[in-house]
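**Q** Dropping the structure in here first, questions after.
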Amino acid sequence: MIDPNVFLKTFIKSDIRFFTGVPDSLLKEVCSCFSDQLKDNSHIIATNEGAAISLGIGHYLASSRPALIYLQNSGLGNIINPLISLSHKDIYSIPAILLIGWRGEILESGIQKADEPQHRVQGRITCEQLELLGIKYKIIDASTTNIEEIINDVISESIIESSPIALLVRKNTFSKYKKNLLFQTSKYSLREEIIKSILINTPPETIIVATTGMASREVFETRENLKQNHSKDFLTVGGMGHASQIAAGIAIEQPNRKVLCIDGDGALLMHTGSLAISAGCPNLIHILINNCAHDSVGGQPTKADSINLSKLAKIFGYKITKKVSDINQLTKTLKECKNNKESTFIEVMSSKGSRADLGRPTSTPLQNKVSFMKTLSINV
Ligand SMILES: Cc1ncc(C[n+]2csc(CCOP(=O)(O)OP(=O)(O)O)c2C)c(N)n1
């Protein structure tokens, strides 16, 4: 396995001074090492992967040094525009080292490693996508012994060719980082308890759209535990940051239906501008579970702790906004919302963490879609 300390030191020795990206579970250990050892302005957890590329472009323009930009392969969609329209050799020709966690990886045997449904297509096309983008890449894994040589090669090649170059990272490549600074308990409730309270305290006909990561898994599991069916839930298993607009699309088409979006702070910050649209939906309740972290992939901090997000929602146009910090206040607020006819945004403060034995949806996305659309086809 690759030691995160050795990995980081090798970059620093080659005068790579700026590290940015969006966290990924496969890169958790190396992200902990970046957070622990790099000063604030040398390591920035970006709001989305495209923004990380742009931070890297700015860094290069000002320093003549490439940045290291990390992401999960699901973030490739977000980076295509700045890569192709700016960084590409034929446009501004900007070097950068991309560190990409390969969910849904294709094993050397050619078989795809079992992973969640949302990673299957992205995992299958990742190499071809990089080739199409003109990005050379090297695959690293737990058996890689010459990581220093590989890093030095990719840095030189990126600089000589003045072009982005990638390290594609298989599962379990990095060994454990010595300390995990990311988990500190807080006084707030866990996301799963908040989700249970939402499912219990909203009228049963409410449509639920849940965000990417543990939140969707917890909605599924809580329905199972409460012996409720799943037909009113849409689980946004991929497409991080898009749950609120899926909810808005439903709310606009079916104005007599109450639609509730369960969002995360990382997801909301990934595409914040979308609030301007969802705020215009009088039948939408947008609940932000704010743990100030990318909890689902390791607990890396977001910028949410320095922003008043319920105030921001008000500025974006939500008619009713509330911030609550415990389940009792949440329950009371949800009861007050029952007959609301105005767009509502509730920020619920939350602790990081989830159950180690949390399950995964046992039905497929296609099954989920069919039963969900059946529910939406019934007039209200
Ligand atoms: C485009 C994209 N980038 C990164 C990821 C990896 N990812 C999955 S969940 C998650 C964290 C989401 O954080 P937040 O919305 O705050 O919810 P929390 O996990 O804290 O409940 C990340 C980064 C992804 N699925 N898609």
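Each chain of the structure tokens is named A, B, ... in the order shown, its residues numbered from 1; ligands are numbered from 1 in display order.
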Hey, which residues sit close to ligand 1? Say within 6 Å, counting only C-alpha atoms and all ligand atoms, and write them as a PyMOL selection string.
**A** chain A and resi 22-24+72+74-75+212-215+238-240+264-267+291+293-297
**Q** If we count only C-alpha atoms, what is near Leu269 (chain A) at a cut-off of 12 Å, once residues fewer than 4 positions away on the same chain are taken out, given as a ChimeraX atom specification?
**A** /A:22,45-49,51,240-242,244,263-265,273-275,288,290,292-294,301-305,307,309,312-313
**Q** Would you mind exporting C-alpha atoms of the selected residues as a short mmCIF file (atom, residue, chain, number, x, y, z; two decimals), in the first residue's frame?
**A**
```
data_model
loop_
_atom_site.label_atom_id
_atom_site.label_comp_id
_atom_site.auth_asym_id
_atom_site.auth_seq_id
_atom_site.Cartn_x
_atom_site.Cartn_y
_atom_site.Cartn_z
CA VAL A 22 -13.45 17.40 -3.69
CA ILE A 45 -11.37 21.70 -0.29
CA ALA A 46 -13.18 23.02 -3.34
CA THR A 47 -16.96 23.30 -3.74
CA ASN A 48 -16.96 21.24 -6.92
CA GLU A 49 -14.42 19.54 -9.11
CA ALA A 51 -13.96 24.83 -9.43
CA MET A 240 -24.21 15.13 -6.14
CA GLY A 241 -25.71 18.61 -5.76
CA HIS A 242 -28.70 18.00 -8.01
CA SER A 244 -32.89 20.19 -5.02
CA ASP A 263 -29.97 17.99 1.15
CA GLY A 264 -26.39 18.06 2.50
CA ASP A 265 -24.15 21.10 2.92
CA GLY A 273 -26.92 28.86 -7.68
CA SER A 274 -29.74 26.33 -8.04
CA LEU A 275 -31.30 27.74 -4.86
CA LEU A 288 -30.52 21.08 4.70
CA ASN A 290 -25.78 20.66 7.95
CA CYS A 292 -20.36 21.21 7.93
CA ALA A 293 -18.69 18.21 6.30
CA HIS A 294 -18.53 15.74 3.44
CA PRO A 301 -14.85 19.98 6.22
CA THR A 302 -16.96 22.08 3.86
CA LYS A 303 -17.12 25.85 4.11
CA ALA A 304 -20.59 25.58 5.69
CA ASP A 305 -19.33 26.46 9.15
CA ILE A 307 -21.69 30.68 6.07
CA LEU A 309 -26.92 29.07 4.94
CA LEU A 312 -28.42 32.68 2.20
CA ALA A 313 -31.58 30.73 1.33
#
```
**Q** Measuring atom to atom with only C-alpha atoms, identify which of A:Thr362, A:Asn78, A:Lys171, A:Glu218 is nearest to Lys113 (chain A).
**A** A:Lys171
**Q** Using only C-alpha atoms, determine which residues lie at most 8 Å from His88 (chain A), disregarding the query and same-chain residues fewer than 6 positions distant; provide the list as number ranges by chain.
**A** A: 94, 134, 163-164
**Q** Enumerate, as a ChimeraX atom specification, the complete set of residues in region 15-251 of chain A that a backbone-based DSSP assignment places in strand (DSSP E or B).
**A** /A:19-21,43-45,67-72,96-101,106,112,136-140,164-169,174,190,207-210,233-235
**Q** I'd like the neighbourhood of Leu99 (chain A) as a ChimeraX atom specification, where a residue qualifies if any of its atoms comes within 9 Å (using only C-alpha atoms), though same-chain residues fewer than 6 positions away should be ignored.
**A** /A:21,27,68-72,165-169
**Q** Fewer than 6 positions away in the same chain doesn't count, so skip those; otherwise give me all residues within 12 Å of Ile378 (chain A), counting only C-alpha atoms, as number ranges by chain.
**A** A: 205, 231-232, 254, 256-257, 371-372
**Q** Using only C-alpha atoms, which of the listed residues (A:Arg65, A:Lys322, A:Lys178, A:Arg360) sits closest to Val30 (chain A)?
**A**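 Closest to Val30 (chain A), using only C-alpha atoms: A:Lys178.
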**Q** Let me make sure I understand: among A:Asp90, A:Glu161, A:Glu347, A:Glu29, which one has the smallest atom-to-atom distance to Thr333 (chain A) if we use only C-alpha atoms?
**A**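 Among the listed residues, A:Glu347 lies closest to Thr333 (chain A).
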**Q** Identify, on the basis of only C-alpha atoms, every residue whose closest approach to Ser216 (chain A) does not exceed 8 Å; exclude the query and any residue fewer than 5 positions from it along the same chain; express the result as an MDAnalysis selection string.
**A** chainID A and resid 210:211 235:237
**Q** Those residues you just picked out, can you put them in a file as a PDB file, in the first residue's frame with N, CA and C atoms?
**A**
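So the final result, stored in part_15.pdb, reads:
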```pdb
ATOM      1  N   ALA A 210     -33.977  12.648  -1.787  1.00  0.00           N
ATOM      2  CA  ALA A 210     -32.831  12.659  -0.860  1.00  0.00           C
ATOM      3  C   ALA A 210     -31.512  12.790  -1.614  1.00  0.00           C
ATOM      4  N   THR A 211     -30.574  13.474  -0.990  1.00  0.00           N
ATOM      5  CA  THR A 211     -29.279  13.763  -1.632  1.00  0.00           C
ATOM      6  C   THR A 211     -28.327  12.555  -1.654  1.00  0.00           C
ATOM      7  N   LEU A 235     -34.164   8.576  -4.583  1.00  0.00           N
ATOM      8  CA  LEU A 235     -32.824   8.600  -4.004  1.00  0.00           C
ATOM      9  C   LEU A 235     -31.836   9.102  -5.068  1.00  0.00           C
ATOM     10  N   THR A 236     -31.276  10.263  -4.830  1.00  0.00           N
ATOM     11  CA  THR A 236     -30.326  10.850  -5.790  1.00  0.00           C
ATOM     12  C   THR A 236     -28.964  10.200  -5.521  1.00  0.00           C
ATOM     13  N   VAL A 237     -28.827   8.949  -5.923  1.00  0.00           N
ATOM     14  CA  VAL A 237     -27.648   8.164  -5.528  1.00  0.00           C
ATOM     15  C   VAL A 237     -26.344   8.688  -6.133  1.00  0.00           C
TER      16      VAL A 237
END
```
**Q** Run DSSP on the backbone and grab whatever in region 124-271 of chain A lands in helix (DSSP H, G or I); send it over as number ranges by chain.
**A** A: 124-132, 147-161, 191-201, 214-225, 243-253, 265-270
